[in-house]
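First the structure, in the form of structure tokens, and then the observations on it.
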Amino acid sequence: MLCCLCVSACASDAPRLVVDLRTDYVAGVEFDTVRVQLGDALASRTFGLGDRDRSAHRITEFQVGSGDHALEVALFAPNGERLLNRHVTASVRSSDVSITVVVSRACEDVACGAAESCLGGRCVPRTCLRGDEPECPMPQCEGDSDCDGAGLSMCARPLCEAGVCLVGGATPCATDEYCDVAAGCVPLPDSGDAGAADAGADAGVADAGVADAASDAQPDAPVEDAGPLGCTPGVDCSIDCTDVDAWPAAWVDQENIALNDMNVHRTDGAACGGAPADPVPVLTLPDTLRVAARCHSQDMAENEFFGHAGSDGSTFPERMEAAGYLGAAVAENVGAARTGGSAMIAGWMESEPHCLNIMREMPRQVGIGFYPRDGSVFGSYWTAVFGAR
């Protein structure tokens with residue numbers, strides 16, 4: 001299980017950072033998971049064999065403030081081992097920005113300095129994401145013939161894309177095979193998995209924004225003992241999230257702890273990103289918002305994604321309305337990998353956008369949903385939706 005804190009804050013007035021991946025590793029075969037860390041939260045997407053013929057992939061979208069943002073993009077092999085990672089810096093000003101981060105197999109054995117990352121086998125500034133930005137050094141290539149194809153199998157060939165040498169397919173393999181760059185066409189590891197759906201990180205976003213989020217740090221010890229909380233698939237994972245009374249008591253306890261900690265911060269005041277946030281009225285917890293939050297946490301856990309867009313493409317205002325909430329939708333925080341309510345609130349308070357959502361004066365109501373599931377990507381999932389009426 002990934003050891004990390006995953007948090008995401010969502011409001012409608014900040015620019016979005018869209019993260020795409022281009023790689024010459026084979027999706028669904030050589031890697032099946034991509035995780036993107038931005039600040040203190042995590043976004044991820046999984047891949048199946050049906051993605052193996054594509055080299056470009058939408059990973060996630062973050063709602064961020066203006067400025068330079070450090071990201072880590074990591075590819076994980078099907079056995080869970082980290083295949084390769086790349087640190088980059090993206091600049092966001094007043095409008096939405098879309099970036100393409102290139103991760104190439106030529107970087108497997110390359111170590112770069114603290115302000116650099118590897119692209120196409122050489123160290124470049126972290127602001128050189130794709131290869132053709134002004135910050136990048138001279139291009140490696142102008143055409144495919146400029147790239148070295150030594151050691152490649154018959155089904156592979158060198159490619160020049162945006163001045164960077166990558167590896168692509170020269171001749172197609174059979175439908176039950178893929179191109180191993182060294183060994184040639186080899187059988188797929190499981191030809192029965194013709195196309196696993198992605199984990200939902202690129203499910204589409206309305207004006208509510210999406211997952212802005214990740215930290216690959218070791219998890220903090222929970223402040224309180226959350227007890228035996230894990231949801232056992234097939235036993236208690238079919239809970240009806242719209243039935244307030246059906247929620248397990250242990251899970252409700254953690255939600256109530258989270259609410260209490262939120263209100264302590266709102267009563268005492270806090271510092272969000274170093275700036276003071278004045279005391280504001282406490283939040284109440286109506287059943288309609290409980291339902292909206294719980295159903296989204298359950299959706300993330302059972303459909304194995306992390307973000308603000310639901311598996312059906314829904315936004316948090318739509319989910320609040322569907323739950324019967326009659327007030328205004330203000331904001332949403334999502335988080336994962338923390339079993340205790342106090343630990344989750346502490347994580348959100350350490351992140352400026354999530355802290356600001358908690359400390360806003362406008363919302364006077366909140367719904368908190370905690371959903372742990374054994375065997376899921378992050379183990380436990382949290383949602384807080386803020387409303388005003």
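Convention: chains lettered A, B, ... in structure tokens order; per-chain residue numbering from 1; ligands numbered from 1 as shown.
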
Exercise. Near region 349-360 of chain A, counting only C-alpha atoms, which residues have an atom at most 7 Å away, once you skip same-chain residues fewer than 2 positions from it, shown as number ranges by chain?
Worked result: A: 8-9, 40, 262, 266, 272-273, 277, 280, 331, 333, 345-347, 362-363

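CA of Arg364 (chain A) sits 25.3 Å away from CA of Ala246 (chain A).
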
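Residues lying within 7 Å of Tyr381 (chain A), counting only C-alpha atoms and ignoring same-chain neighbours fewer than 4 positions away, are Ser297, Ala301, Gly335, Ala336, Ala337, Phe370, Tyr371 and Pro372 of chain A.
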
Problem set entry | Neighbour list for Arg86 (chain A) as a list in words, cut-off 10 Å, only C-alpha atoms, skip fewer than 3 positions in-chain | Val36, Leu71, Glu72, Val73, Ala74, Leu75, Val101, Val102, Val103, Ser104, Cys107, Glu116, Ser117, Cys118, Leu119, Arg126 and Leu129 of chain A

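Straight-line separation from CA of Ala182 (chain A) to CA of Gly131 (chain A): 25.0 Å.
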
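In this structure, CA of Leu285 (chain A) sits 29.5 Å away from CA of Pro15 (chain A).
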
Exercise. Do you know which residues are at most 9 Å from Asp278 (chain A) counting only C-alpha atoms, after dropping those on the same chain fewer than 5 positions away, and could you put them as a count of residues only?
Worked result: 8

For this session: Excluding Met154 (chain A) and any residue of its chain fewer than 5 positions from it, enumerate the residues within 10 Å of it, using only C-alpha atoms, and give them as a ChimeraX atom specification.
Result: /A:169-171,179-185

Please produce a file of the residues just selected, as a PDB file, in the first residue's frame, where the atoms kept are N, CA, C and O atoms.
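Full text of part08.pdb as output:
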ATOM      1  N   GLY A 169       7.261   1.999 -31.866  1.00  0.00           N
ATOM      2  CA  GLY A 169       7.091   0.752 -32.598  1.00  0.00           C
ATOM      3  C   GLY A 169       7.338   0.949 -34.076  1.00  0.00           C
ATOM      4  O   GLY A 169       6.848   1.900 -34.691  1.00  0.00           O
ATOM      5  N   ALA A 170       8.121   0.049 -34.679  1.00  0.00           N
ATOM      6  CA  ALA A 170       8.397   0.115 -36.115  1.00  0.00           C
ATOM      7  C   ALA A 170       7.384  -0.707 -36.904  1.00  0.00           C
ATOM      8  O   ALA A 170       6.842  -0.271 -37.906  1.00  0.00           O
ATOM      9  N   THR A 171       7.140  -1.911 -36.434  1.00  0.00           N
ATOM     10  CA  THR A 171       6.155  -2.796 -37.067  1.00  0.00           C
ATOM     11  C   THR A 171       5.204  -3.304 -35.988  1.00  0.00           C
ATOM     12  O   THR A 171       5.623  -3.589 -34.867  1.00  0.00           O
ATOM     13  N   CYS A 179       5.522  -5.021 -28.159  1.00  0.00           N
ATOM     14  CA  CYS A 179       6.902  -4.855 -28.609  1.00  0.00           C
ATOM     15  C   CYS A 179       7.824  -4.594 -27.428  1.00  0.00           C
ATOM     16  O   CYS A 179       7.765  -3.523 -26.817  1.00  0.00           O
ATOM     17  N   ASP A 180       8.642  -5.574 -27.089  1.00  0.00           N
ATOM     18  CA  ASP A 180       9.726  -5.392 -26.121  1.00  0.00           C
ATOM     19  C   ASP A 180      10.903  -4.806 -26.883  1.00  0.00           C
ATOM     20  O   ASP A 180      11.345  -5.386 -27.882  1.00  0.00           O
ATOM     21  N   VAL A 181      11.418  -3.655 -26.453  1.00  0.00           N
ATOM     22  CA  VAL A 181      12.421  -2.947 -27.250  1.00  0.00           C
ATOM     23  C   VAL A 181      13.701  -3.748 -27.434  1.00  0.00           C
ATOM     24  O   VAL A 181      14.469  -3.497 -28.366  1.00  0.00           O
ATOM     25  N   ALA A 182      13.950  -4.734 -26.575  1.00  0.00           N
ATOM     26  CA  ALA A 182      15.156  -5.543 -26.699  1.00  0.00           C
ATOM     27  C   ALA A 182      14.873  -6.923 -27.277  1.00  0.00           C
ATOM     28  O   ALA A 182      15.660  -7.453 -28.064  1.00  0.00           O
ATOM     29  N   ALA A 183      13.730  -7.513 -26.906  1.00  0.00           N
ATOM     30  CA  ALA A 183      13.457  -8.909 -27.273  1.00  0.00           C
ATOM     31  C   ALA A 183      12.534  -9.052 -28.475  1.00  0.00           C
ATOM     32  O   ALA A 183      12.368 -10.153 -28.996  1.00  0.00           O
ATOM     33  N   GLY A 184      11.903  -7.974 -28.929  1.00  0.00           N
ATOM     34  CA  GLY A 184      10.978  -8.063 -30.049  1.00  0.00           C
ATOM     35  C   GLY A 184       9.560  -8.322 -29.589  1.00  0.00           C
ATOM     36  O   GLY A 184       9.198  -8.052 -28.431  1.00  0.00           O
ATOM     37  N   CYS A 185       8.718  -8.838 -30.470  1.00  0.00           N
ATOM     38  CA  CYS A 185       7.324  -9.117 -30.131  1.00  0.00           C
ATOM     39  C   CYS A 185       7.240 -10.293 -29.177  1.00  0.00           C
ATOM     40  O   CYS A 185       7.707 -11.404 -29.493  1.00  0.00           O
TER      41      CYS A 185
END

Problem set entry | Given only C-alpha atoms as the counted atoms, nearest of A:Thr60, A:Gln365, A:Thr46, A:Thr33 to Arg82 (chain A) | A:Thr33

For this session: List the neighbours of Asp109 (chain A) out to 12 Å using only C-alpha atoms; skip same-chain residues closer than 5 positions along the sequence, and give me the result as a PyMOL selection string.
Result: chain A and resi 83-85+104+118-123
